[in-house]
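Heads up: the structure comes next, in C-alpha cells.
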Amino acid sequence: MKLLVGLGAVAVPLVSARIVAPRGPSVSYDGYRVYRVDTHADVATVESQIRNLRLVNFSPGTIDHLDLAVSPEDISAFDALGLDAAVVHEDLGKDILSEGPLRPYLRTTESADLPGLEWFDNYHPYEDHLQFLEDLHLAFPDNSELVTAGASYEGRPIQGIHFWGENGKGGRPAVYWHGTVHAREWITTMTVEYLLYQLISGYLDGTEDVKAIVDAYDFYILPVVNPDGFIHTQTTDRMWRKNRQPRDAERCTGTDVNRNWPHFWNVTGGASDSPCAETFRGLSPGDTPEMQSLVAFTDAVAAANEGGIKLYIDWHSYGHLILLSYGGDCDARVENYERQMELARGTAAVVETVDGSKYTAGPVCDVLYAASGGSMDYVYDVAGAELSWGYELSPADAAGGGFVLPADQILPTVVENWEGMRWLLSTM
Ligand SMILES: [Zn+2]
C-alpha cells in the first residue's frame with residue numbers, strides 16, 4: 001500500500017478553516033481604457049515606453065501584442081506615444097459591473113441532494129465556493145472526500161475534492177485539475193466547478209458515458225489554488241494576479257505562483273526577477289507557501305494512484321487556447337507530442353461544435369510565449385503525467401472583456417468546455 005504524504009491531511013473540516021479577509025480600500029477601474037497594442041515583435045521597446053504610466057498589463061509575457069488597461073489620468077500620455085494601439089473597451093469599471101454582485105449561495109434544502117445549477121448564473125464569495133464543494137461531497141459521500149493541499153501564505157487551506165468510481169479510492173489513474181492560480185481569472189473557478197458537478201451528477205443519474213469516465217479515473221480537483229489572491233480580487237483589487245506574499249525590503253507584494261514551480265525555474269524570457277512584475281518568479285525555486293503545498297500534493301497524487309497522473313489541466317483565462325509543454329524550454333518537444341496534440345485538437349473540435357468557439361492547440365512556446373516555472377512542465381516532466389495542459393478559457397481576447405466575463409457568459413463557457421472534457425475523458 002502506498003503512503004499519501006500530501007493527501008494524509010484530508011480530514012481537515014472545511015468550516016473551521018474559514019478566515020475572514022481584511023477589507024482594504026477598493027481599487028477603482030472606472031474610466032480605465034483597454035487597448036490592444038501591436039508590438040511588432042518588439043515588446044521590450046513598448047514596455048519601456050509605457051513603464052511610467054499607470055496601467056494594468058493583461059498579457060504579461062506576450063511577444064506580438066499587449067492588452068493594457070490605462071488609467072484615465074494617463075490616457076492622453078499613452079495616446080501621445082503613438083503606438084499601434086486599438087481601443088477595445090472604453091471603461092473597465094463598467095465591464096466589472098457587468099459581472100454583477102457576488103451572489104450569496106442559497107441552498108434550498110439541507111438534504112443530500114446536489115446543489116442547483118443556478119450556482120452557475122453568478123459569481124460568488126470565496127467562502128461559498130468552499131460550501132459548494134462540501135455540498136458536492138455530501139451528495140456523493142461514499143465516493144468522495146474533501147482534501148487539502150497544504151496552506152497559502154495567509155494560512156488558508158488550499159481545498160479540493162477527490163472522488164472515484166466503482167474501483168474504490170486510488171484504484172485508477174488520476175485526473176488532476178487546478179483552478180484560479182491567477183486570482184483574477186474568475187471563470188476558471190466556475191468552469192472547474194461545473195465540470196466536477198457534471199461528473200458527480202452524471203454518475204448519480206447513471207448517465208452511461210459519465211459513469212464510465214468516473215469509474216475509469218480518480219479525480220483530484222482544486223478549484224482555487226490561490227485563495228489569498230482570489231479573496232483579494234473580491235475585496236480590494238479585481239485585477240490582482242499573484243499570491244499575497246510580501247518580500248522583505250520590496251515595495252511590491254506577490255509572486256506569480258505559475259512561474260514559481262521548481263522546474264525550468266527562472267529561464268531567460270520566461271519570468272520576471274522584479275517583485276513588482278506580474279510574472280515575478282520568486283527569489284528561489286518553489287519559495288512560495290502555495291508552491292510548497294502544491295508540489296507536495298502533486299507528488300502525492302502521482303504516487304497514490306495506479307497508473308500515476310493520466311491528465312493534468314491548469315485552468316486559466318483568457319484566449320481560447322489548449323497549451324501543452326514546454327513553456328520553459330522552447331527547443332524541446334514532449335515525447336508523446338503527436339498523441340497530446342491529437343487529443344488537444346480533438347477537444348477543441350468538440351468545444352467548437354457547441355457554440356462556435358475556436359480554440360487553438362499547441363505547445364505554450366509556439367502558441368504564446370516562453371513561460372518558465374509553470375505547472376504543466378513540472379507535472380509532465382517531474383510528476384510523470386501522460387497529458388499535461390494549460391487551458392485558456394473565454395473570452396477569446398480583450399475585446400471580449402479579458403478577465404472580466406459578464407455573468408451571463410458563465411454558463412455558455414462552462415457548458416462548451418464540459419462537452420470538450422466529456423469527449424477527452426472518454427477518449428484518452
Ligand atoms: Zn493565468
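Just remember, in the C-alpha cells the first chain shown is A, the second B, etc., residues are 1-based per chain, and ligands are 1-based in the order shown.
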Q: Quick one: everything within 10 Å of range 306-313 of chain A, counting only C-alpha atoms, minus sequence neighbours fewer than 5 positions away in the same chain. Send it as a PyMOL selection string.
A: chain A and resi 2+170-179+192+217-221+298-301+322-324+375-376+379-380+383-391+424-425+428
Q: Would you please extract all strand (DSSP E or B) residues from range 261-383 of chain A, as assigned by DSSP on the backbone, and give them as a list of chain:residue names?
A: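 Output for range 261-383 of chain A, strand (DSSP E or B) only: A:Ser272, A:Phe280, A:Ile309, A:Lys310, A:Leu311, A:Tyr312, A:Ile313, A:Asp314, A:Trp315, A:His316, A:Ser317, A:Leu321, A:Ile322, A:Leu323, A:Leu324, A:Thr360, A:Ala361, A:Gly362, A:Pro363.
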Can I get the selected residues back with N, CA, C and O atoms, as a short mmCIF file (atom, residue, chain, number, x, y, z; two decimals), in the first residue's frame?
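That gives us selection-v1.cif:
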```
data_model
loop_
_atom_site.label_atom_id
_atom_site.label_comp_id
_atom_site.auth_asym_id
_atom_site.auth_seq_id
_atom_site.Cartn_x
_atom_site.Cartn_y
_atom_site.Cartn_z
N SER A 272 9.81 37.03 -14.65
CA SER A 272 10.49 38.26 -14.27
C SER A 272 11.19 38.11 -12.92
O SER A 272 10.70 37.41 -12.03
N PHE A 280 6.49 37.83 -11.61
CA PHE A 280 7.62 37.64 -10.68
C PHE A 280 7.73 36.16 -10.28
O PHE A 280 6.78 35.55 -9.82
N ILE A 309 -0.52 9.98 -12.93
CA ILE A 309 -1.43 11.03 -13.41
C ILE A 309 -1.64 10.85 -14.91
O ILE A 309 -0.72 10.92 -15.70
N LYS A 310 -2.88 10.61 -15.28
CA LYS A 310 -3.22 10.47 -16.71
C LYS A 310 -3.35 11.85 -17.37
O LYS A 310 -2.87 12.07 -18.47
N LEU A 311 -4.07 12.73 -16.68
CA LEU A 311 -4.35 14.05 -17.26
C LEU A 311 -4.24 15.12 -16.19
O LEU A 311 -4.86 15.01 -15.13
N TYR A 312 -3.45 16.15 -16.47
CA TYR A 312 -3.41 17.34 -15.62
C TYR A 312 -3.85 18.53 -16.45
O TYR A 312 -3.42 18.68 -17.60
N ILE A 313 -4.70 19.37 -15.89
CA ILE A 313 -5.03 20.64 -16.55
C ILE A 313 -4.96 21.76 -15.52
O ILE A 313 -5.53 21.68 -14.44
N ASP A 314 -4.23 22.81 -15.90
CA ASP A 314 -4.20 24.05 -15.13
C ASP A 314 -5.10 25.03 -15.87
O ASP A 314 -4.79 25.44 -16.99
N TRP A 315 -6.22 25.40 -15.25
CA TRP A 315 -7.24 26.21 -15.93
C TRP A 315 -6.94 27.69 -15.77
O TRP A 315 -6.77 28.17 -14.65
N HIS A 316 -6.93 28.40 -16.90
CA HIS A 316 -6.64 29.84 -16.93
C HIS A 316 -7.64 30.55 -17.83
O HIS A 316 -8.40 29.92 -18.56
N SER A 317 -7.59 31.87 -17.81
CA SER A 317 -8.23 32.67 -18.86
C SER A 317 -7.30 33.84 -19.14
O SER A 317 -6.48 34.19 -18.28
N LEU A 321 -7.27 28.83 -25.79
CA LEU A 321 -6.07 28.06 -26.12
C LEU A 321 -6.01 26.79 -25.30
O LEU A 321 -6.39 26.78 -24.13
N ILE A 322 -5.53 25.71 -25.94
CA ILE A 322 -5.18 24.50 -25.20
C ILE A 322 -3.67 24.32 -25.37
O ILE A 322 -3.18 24.09 -26.48
N LEU A 323 -2.94 24.48 -24.27
CA LEU A 323 -1.48 24.56 -24.32
C LEU A 323 -0.86 23.31 -23.72
O LEU A 323 -1.31 22.82 -22.69
N LEU A 324 0.18 22.83 -24.38
CA LEU A 324 0.94 21.75 -23.77
C LEU A 324 2.40 22.16 -23.63
O LEU A 324 2.81 23.20 -24.12
N THR A 360 -7.34 27.14 -30.08
CA THR A 360 -6.09 26.76 -30.76
C THR A 360 -5.28 25.88 -29.83
O THR A 360 -5.15 26.19 -28.64
N ALA A 361 -4.73 24.79 -30.36
CA ALA A 361 -3.93 23.87 -29.56
C ALA A 361 -2.46 23.93 -29.97
O ALA A 361 -2.15 24.09 -31.15
N GLY A 362 -1.57 23.80 -28.98
CA GLY A 362 -0.15 23.74 -29.32
C GLY A 362 0.73 23.95 -28.10
O GLY A 362 0.25 24.31 -27.03
N PRO A 363 2.04 23.72 -28.26
CA PRO A 363 2.97 23.95 -27.15
C PRO A 363 2.97 25.43 -26.76
O PRO A 363 2.86 26.30 -27.63
#
```
Q: Rank A:Asp135, A:Glu166, A:Glu278, A:Glu250 by their smallest atom-to-atom distance to ligand 1, using only C-alpha atoms and all ligand atoms, and report the top residue only.
A: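 Ranked by minimum distance to ligand 1, first place goes to A:Glu278.
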Q.
Could you tell me how far CA of Val224 in chain A sits from CA of Gly150 in chain A, in Å to one decimal place?
A. 12.5 Å
Q.
List as a list in words the protein and nucleic acid residues lying within 10 Å of ligand 1, with only C-alpha atoms and all ligand atoms counted.
A.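 After applying the 10 Å limit, what remains is Phe58, Ser59, Pro60, Gly179, Thr180, Val181, His182, Ala183, Arg184, Glu185, Thr188, Arg241, Lys242, Asp256, Val257, Asn258, Asp314, Trp315, His316, Ser317, Tyr318, Gly390, Tyr391, Glu392, Leu393 and Phe403 of chain A.
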(Q) So that I can check the surroundings of range 342-355 of chain A, please list as a PyMOL selection string every protein, DNA and RNA residue that reaches within 7 Å of it, counting only C-alpha atoms and ignoring chain neighbours fewer than 3 positions away. (A) chain A and resi 322+338-339+358-359+361+416-417+419-421+423-424
Go ahead and save the picked residues with C-alpha atoms, as a compact mmCIF listing (two decimals), in the first residue's frame.
```
# COMPACT_ATOMS: atom_id res chain seq x y z
CA ILE A 322 -5.18 24.50 -25.20
CA GLU A 338 1.63 13.66 -31.55
CA ARG A 339 -0.71 11.98 -29.08
CA LYS A 358 -12.43 28.30 -31.82
CA TYR A 359 -9.68 27.03 -29.52
CA ALA A 361 -3.93 23.87 -29.56
CA GLU A 416 -18.98 24.12 -24.14
CA ASN A 417 -15.95 23.07 -22.14
CA GLU A 419 -18.61 18.84 -23.81
CA GLY A 420 -14.91 19.07 -24.68
CA MET A 421 -13.86 17.38 -21.44
CA TRP A 423 -15.10 13.76 -25.10
CA LEU A 424 -11.50 13.91 -23.86
```
With only C-alpha atoms as the counted atoms, please give the residues lying no more than 12 Å from Pro141 in chain A, apart from itself and same-chain residues fewer than 2 positions off, as a PDB file with N, CA, C and O atoms, in the first residue's frame.
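Below is the file that was written, part_15.pdb:
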```pdb
ATOM      1  N   ALA A 112     -29.228  15.665   1.097  1.00  0.00           N
ATOM      2  CA  ALA A 112     -28.011  15.284   0.397  1.00  0.00           C
ATOM      3  C   ALA A 112     -28.150  15.448  -1.113  1.00  0.00           C
ATOM      4  O   ALA A 112     -27.373  14.909  -1.873  1.00  0.00           O
ATOM      5  N   ASP A 113     -29.160  16.206  -1.552  1.00  0.00           N
ATOM      6  CA  ASP A 113     -29.293  16.472  -2.987  1.00  0.00           C
ATOM      7  C   ASP A 113     -28.149  17.343  -3.465  1.00  0.00           C
ATOM      8  O   ASP A 113     -27.553  18.082  -2.693  1.00  0.00           O
ATOM      9  N   LEU A 114     -27.882  17.278  -4.743  1.00  0.00           N
ATOM     10  CA  LEU A 114     -26.888  18.184  -5.312  1.00  0.00           C
ATOM     11  C   LEU A 114     -27.396  19.620  -5.261  1.00  0.00           C
ATOM     12  O   LEU A 114     -28.605  19.859  -5.329  1.00  0.00           O
ATOM     13  N   LEU A 133     -18.358  23.092  -2.528  1.00  0.00           N
ATOM     14  CA  LEU A 133     -17.528  21.887  -2.613  1.00  0.00           C
ATOM     15  C   LEU A 133     -17.957  20.862  -1.559  1.00  0.00           C
ATOM     16  O   LEU A 133     -18.070  19.663  -1.834  1.00  0.00           O
ATOM     17  N   GLU A 134     -18.216  21.353  -0.364  1.00  0.00           N
ATOM     18  CA  GLU A 134     -18.637  20.460   0.711  1.00  0.00           C
ATOM     19  C   GLU A 134     -19.992  19.820   0.383  1.00  0.00           C
ATOM     20  O   GLU A 134     -20.206  18.625   0.631  1.00  0.00           O
ATOM     21  N   ASP A 135     -20.871  20.605  -0.233  1.00  0.00           N
ATOM     22  CA  ASP A 135     -22.191  20.068  -0.585  1.00  0.00           C
ATOM     23  C   ASP A 135     -22.090  19.005  -1.685  1.00  0.00           C
ATOM     24  O   ASP A 135     -22.851  18.030  -1.672  1.00  0.00           O
ATOM     25  N   LEU A 136     -21.170  19.187  -2.608  1.00  0.00           N
ATOM     26  CA  LEU A 136     -20.971  18.137  -3.613  1.00  0.00           C
ATOM     27  C   LEU A 136     -20.489  16.850  -2.945  1.00  0.00           C
ATOM     28  O   LEU A 136     -20.920  15.746  -3.296  1.00  0.00           O
ATOM     29  N   HIS A 137     -19.590  17.023  -2.000  1.00  0.00           N
ATOM     30  CA  HIS A 137     -19.110  15.846  -1.258  1.00  0.00           C
ATOM     31  C   HIS A 137     -20.258  15.169  -0.504  1.00  0.00           C
ATOM     32  O   HIS A 137     -20.392  13.933  -0.526  1.00  0.00           O
ATOM     33  N   LEU A 138     -21.117  15.962   0.141  1.00  0.00           N
ATOM     34  CA  LEU A 138     -22.231  15.387   0.915  1.00  0.00           C
ATOM     35  C   LEU A 138     -23.231  14.660   0.010  1.00  0.00           C
ATOM     36  O   LEU A 138     -23.894  13.717   0.441  1.00  0.00           O
ATOM     37  N   ALA A 139     -23.310  15.098  -1.250  1.00  0.00           N
ATOM     38  CA  ALA A 139     -24.210  14.432  -2.192  1.00  0.00           C
ATOM     39  C   ALA A 139     -23.605  13.139  -2.745  1.00  0.00           C
ATOM     40  O   ALA A 139     -24.291  12.360  -3.395  1.00  0.00           O
ATOM     41  N   ASN A 143     -18.206   8.059  -2.271  1.00  0.00           N
ATOM     42  CA  ASN A 143     -17.226   8.047  -3.369  1.00  0.00           C
ATOM     43  C   ASN A 143     -16.394   9.314  -3.423  1.00  0.00           C
ATOM     44  O   ASN A 143     -15.782   9.604  -4.442  1.00  0.00           O
ATOM     45  N   SER A 144     -16.381  10.094  -2.347  1.00  0.00           N
ATOM     46  CA  SER A 144     -15.600  11.327  -2.388  1.00  0.00           C
ATOM     47  C   SER A 144     -15.100  11.685  -1.008  1.00  0.00           C
ATOM     48  O   SER A 144     -15.614  11.211   0.007  1.00  0.00           O
ATOM     49  N   GLU A 145     -14.064  12.528  -1.004  1.00  0.00           N
ATOM     50  CA  GLU A 145     -13.566  13.090   0.252  1.00  0.00           C
ATOM     51  C   GLU A 145     -13.039  14.483  -0.044  1.00  0.00           C
ATOM     52  O   GLU A 145     -12.576  14.766  -1.153  1.00  0.00           O
ATOM     53  N   LEU A 146     -13.140  15.344   0.965  1.00  0.00           N
ATOM     54  CA  LEU A 146     -12.541  16.666   0.823  1.00  0.00           C
ATOM     55  C   LEU A 146     -11.061  16.541   1.127  1.00  0.00           C
ATOM     56  O   LEU A 146     -10.668  15.801   2.033  1.00  0.00           O
ATOM     57  N   ILE A 161     -11.435  18.475  -3.801  1.00  0.00           N
ATOM     58  CA  ILE A 161     -12.240  17.274  -3.627  1.00  0.00           C
ATOM     59  C   ILE A 161     -11.597  16.143  -4.424  1.00  0.00           C
ATOM     60  O   ILE A 161     -11.029  16.372  -5.498  1.00  0.00           O
ATOM     61  N   HIS A 162     -11.648  14.961  -3.851  1.00  0.00           N
ATOM     62  CA  HIS A 162     -11.155  13.744  -4.512  1.00  0.00           C
ATOM     63  C   HIS A 162     -12.359  12.815  -4.631  1.00  0.00           C
ATOM     64  O   HIS A 162     -13.060  12.592  -3.651  1.00  0.00           O
ATOM     65  N   PHE A 163     -12.623  12.319  -5.845  1.00  0.00           N
ATOM     66  CA  PHE A 163     -13.713  11.345  -5.969  1.00  0.00           C
ATOM     67  C   PHE A 163     -13.340  10.253  -6.951  1.00  0.00           C
ATOM     68  O   PHE A 163     -12.398  10.375  -7.736  1.00  0.00           O
ATOM     69  N   TRP A 164     -14.069   9.139  -6.862  1.00  0.00           N
ATOM     70  CA  TRP A 164     -13.712   7.926  -7.596  1.00  0.00           C
ATOM     71  C   TRP A 164     -14.971   7.118  -7.885  1.00  0.00           C
ATOM     72  O   TRP A 164     -16.048   7.409  -7.334  1.00  0.00           O
ATOM     73  N   GLY A 165     -14.822   6.108  -8.700  1.00  0.00           N
ATOM     74  CA  GLY A 165     -15.959   5.271  -9.077  1.00  0.00           C
ATOM     75  C   GLY A 165     -15.918   3.907  -8.425  1.00  0.00           C
ATOM     76  O   GLY A 165     -15.494   3.758  -7.281  1.00  0.00           O
ATOM     77  N   ILE A 200     -20.142  14.356 -11.127  1.00  0.00           N
ATOM     78  CA  ILE A 200     -20.823  13.737  -9.982  1.00  0.00           C
ATOM     79  C   ILE A 200     -22.312  13.549 -10.272  1.00  0.00           C
ATOM     80  O   ILE A 200     -22.876  12.474 -10.016  1.00  0.00           O
ATOM     81  N   LEU A 204     -24.380   9.996 -10.463  1.00  0.00           N
ATOM     82  CA  LEU A 204     -25.543   9.711  -9.611  1.00  0.00           C
ATOM     83  C   LEU A 204     -26.781   9.394 -10.443  1.00  0.00           C
ATOM     84  O   LEU A 204     -27.618   8.575 -10.054  1.00  0.00           O
TER      85      LEU A 204
END
```
Q.
Please list as a ChimeraX atom specification every residue within 7 Å of Asp91 in chain A, counting only C-alpha atoms and excluding residues in the same chain fewer than 5 positions away.
A. /A:30-33
**Q.** Contact residues around Thr279 in chain A with only C-alpha atoms at 12 Å, ignoring same-chain residues under 3 positions, as number ranges by chain
**A.** A: 57-62, 182, 240-243, 253-260, 265-266, 269-276, 282, 370-374
Only N, CA, C and O atoms, please: the residues just picked out, written as a short mmCIF file (atom, residue, chain, number, x, y, z; two decimals), in the first residue's frame.
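Final output, saved to out.cif:
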```
data_model
loop_
_atom_site.label_atom_id
_atom_site.label_comp_id
_atom_site.auth_asym_id
_atom_site.auth_seq_id
_atom_site.Cartn_x
_atom_site.Cartn_y
_atom_site.Cartn_z
N ASN A 57 -1.30 45.47 -17.07
CA ASN A 57 -0.94 44.65 -18.22
C ASN A 57 -1.70 43.32 -18.11
O ASN A 57 -1.48 42.54 -17.21
N PHE A 58 -2.59 43.10 -19.08
CA PHE A 58 -3.40 41.88 -19.06
C PHE A 58 -2.67 40.70 -19.69
O PHE A 58 -3.14 39.58 -19.62
N SER A 59 -1.58 40.95 -20.37
CA SER A 59 -0.96 39.88 -21.15
C SER A 59 0.54 39.84 -20.88
O SER A 59 1.33 39.96 -21.79
N PRO A 60 0.93 39.71 -19.62
CA PRO A 60 2.36 39.71 -19.33
C PRO A 60 3.05 38.55 -20.01
O PRO A 60 2.57 37.43 -19.99
N GLY A 61 4.18 38.85 -20.64
CA GLY A 61 4.97 37.79 -21.25
C GLY A 61 4.71 37.57 -22.72
O GLY A 61 5.40 36.82 -23.36
N THR A 62 3.71 38.23 -23.28
CA THR A 62 3.45 38.01 -24.71
C THR A 62 4.45 38.77 -25.56
O THR A 62 5.11 39.69 -25.10
N HIS A 182 -4.15 32.09 -11.02
CA HIS A 182 -4.13 33.54 -11.25
C HIS A 182 -5.46 34.09 -10.76
O HIS A 182 -6.52 33.77 -11.29
N TRP A 240 -6.07 41.67 -9.54
CA TRP A 240 -4.90 41.05 -8.91
C TRP A 240 -4.64 39.66 -9.51
O TRP A 240 -5.57 38.90 -9.75
N ARG A 241 -3.36 39.34 -9.72
CA ARG A 241 -3.00 38.06 -10.37
C ARG A 241 -2.24 37.12 -9.45
O ARG A 241 -2.46 35.90 -9.45
N LYS A 242 -1.32 37.66 -8.64
CA LYS A 242 -0.32 36.83 -7.94
C LYS A 242 -0.82 36.35 -6.57
O LYS A 242 -1.97 36.56 -6.21
N ASN A 243 0.07 35.76 -5.80
CA ASN A 243 -0.30 35.46 -4.41
C ASN A 243 -0.14 36.74 -3.59
O ASN A 243 0.00 37.83 -4.15
N THR A 253 4.12 43.51 -3.60
CA THR A 253 3.66 42.26 -2.99
C THR A 253 3.36 41.25 -4.09
O THR A 253 2.90 41.62 -5.16
N GLY A 254 3.60 39.99 -3.76
CA GLY A 254 3.07 38.93 -4.60
C GLY A 254 4.07 38.28 -5.54
O GLY A 254 4.92 38.92 -6.16
N THR A 255 3.94 36.96 -5.63
CA THR A 255 4.72 36.15 -6.57
C THR A 255 3.73 35.46 -7.51
O THR A 255 2.65 35.05 -7.08
N ASP A 256 4.12 35.34 -8.77
CA ASP A 256 3.30 34.58 -9.72
C ASP A 256 3.52 33.10 -9.43
O ASP A 256 4.58 32.55 -9.75
N VAL A 257 2.53 32.48 -8.84
CA VAL A 257 2.67 31.07 -8.44
C VAL A 257 2.93 30.19 -9.66
O VAL A 257 3.60 29.16 -9.57
N ASN A 258 2.43 30.63 -10.83
CA ASN A 258 2.67 29.83 -12.03
C ASN A 258 3.97 30.19 -12.75
O ASN A 258 4.17 29.84 -13.90
N ARG A 259 4.87 30.85 -12.06
CA ARG A 259 6.26 30.99 -12.51
C ARG A 259 7.22 30.50 -11.42
O ARG A 259 8.41 30.69 -11.50
N ASN A 260 6.67 29.86 -10.40
CA ASN A 260 7.44 29.54 -9.20
C ASN A 260 7.67 28.03 -9.01
O ASN A 260 8.33 27.61 -8.07
N TRP A 265 12.82 26.71 -13.59
CA TRP A 265 12.58 27.98 -12.89
C TRP A 265 13.56 29.04 -13.40
O TRP A 265 14.74 28.75 -13.60
N ASN A 266 13.07 30.24 -13.64
CA ASN A 266 13.93 31.36 -13.99
C ASN A 266 14.69 31.15 -15.30
O ASN A 266 15.90 31.34 -15.37
N GLY A 269 13.58 35.16 -20.22
CA GLY A 269 12.41 35.44 -21.04
C GLY A 269 11.16 34.72 -20.60
O GLY A 269 10.08 34.97 -21.12
N GLY A 270 11.28 33.84 -19.60
CA GLY A 270 10.12 33.04 -19.19
C GLY A 270 9.45 33.53 -17.92
O GLY A 270 8.38 33.04 -17.55
N ALA A 271 10.07 34.50 -17.24
CA ALA A 271 9.51 35.03 -15.99
C ALA A 271 10.30 36.28 -15.65
O ALA A 271 11.33 36.57 -16.27
N SER A 272 9.81 37.03 -14.65
CA SER A 272 10.49 38.26 -14.27
C SER A 272 11.19 38.11 -12.92
O SER A 272 10.70 37.41 -12.03
N ASP A 273 12.33 38.80 -12.78
CA ASP A 273 13.01 38.81 -11.48
C ASP A 273 12.62 40.05 -10.67
O ASP A 273 13.17 40.29 -9.60
N SER A 274 11.67 40.84 -11.19
CA SER A 274 11.24 42.03 -10.46
C SER A 274 10.00 41.73 -9.62
O SER A 274 8.97 41.31 -10.16
N PRO A 275 10.07 41.96 -8.31
CA PRO A 275 8.90 41.69 -7.46
C PRO A 275 7.68 42.52 -7.82
O PRO A 275 6.57 42.18 -7.42
N CYS A 276 7.86 43.59 -8.58
CA CYS A 276 6.70 44.38 -8.98
C CYS A 276 6.03 43.85 -10.25
O CYS A 276 4.94 44.27 -10.60
N GLY A 282 9.60 34.73 -7.94
CA GLY A 282 10.06 34.41 -6.58
C GLY A 282 11.56 34.56 -6.50
O GLY A 282 12.24 34.87 -7.49
N ALA A 370 7.46 31.98 -24.07
CA ALA A 370 8.13 31.19 -23.05
C ALA A 370 7.53 31.53 -21.69
O ALA A 370 7.26 32.69 -21.40
N ALA A 371 7.28 30.52 -20.88
CA ALA A 371 6.74 30.72 -19.53
C ALA A 371 7.43 29.69 -18.65
O ALA A 371 7.12 28.50 -18.72
N SER A 372 8.35 30.14 -17.84
CA SER A 372 9.15 29.19 -17.06
C SER A 372 8.62 29.06 -15.65
O SER A 372 7.95 29.94 -15.13
N GLY A 373 8.94 27.92 -15.01
CA GLY A 373 8.44 27.68 -13.65
C GLY A 373 6.94 27.47 -13.63
O GLY A 373 6.27 27.73 -12.64
N GLY A 374 6.38 26.97 -14.75
CA GLY A 374 4.94 26.75 -14.85
C GLY A 374 4.56 25.34 -14.45
O GLY A 374 5.39 24.43 -14.46
#
```
Q) Could you state the separation of CA of Thr148 in chain A and CA of Thr427 in chain A in Å, given to one decimal place? A) 29.4 Å
Q.
Between CA of Tyr194 in chain A and CA of Leu411 in chain A, what distance in Å does the model show, to one decimal?
A.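 Interatomic distance, CA of Tyr194 in chain A to CA of Leu411 in chain A: 8.9 Å.
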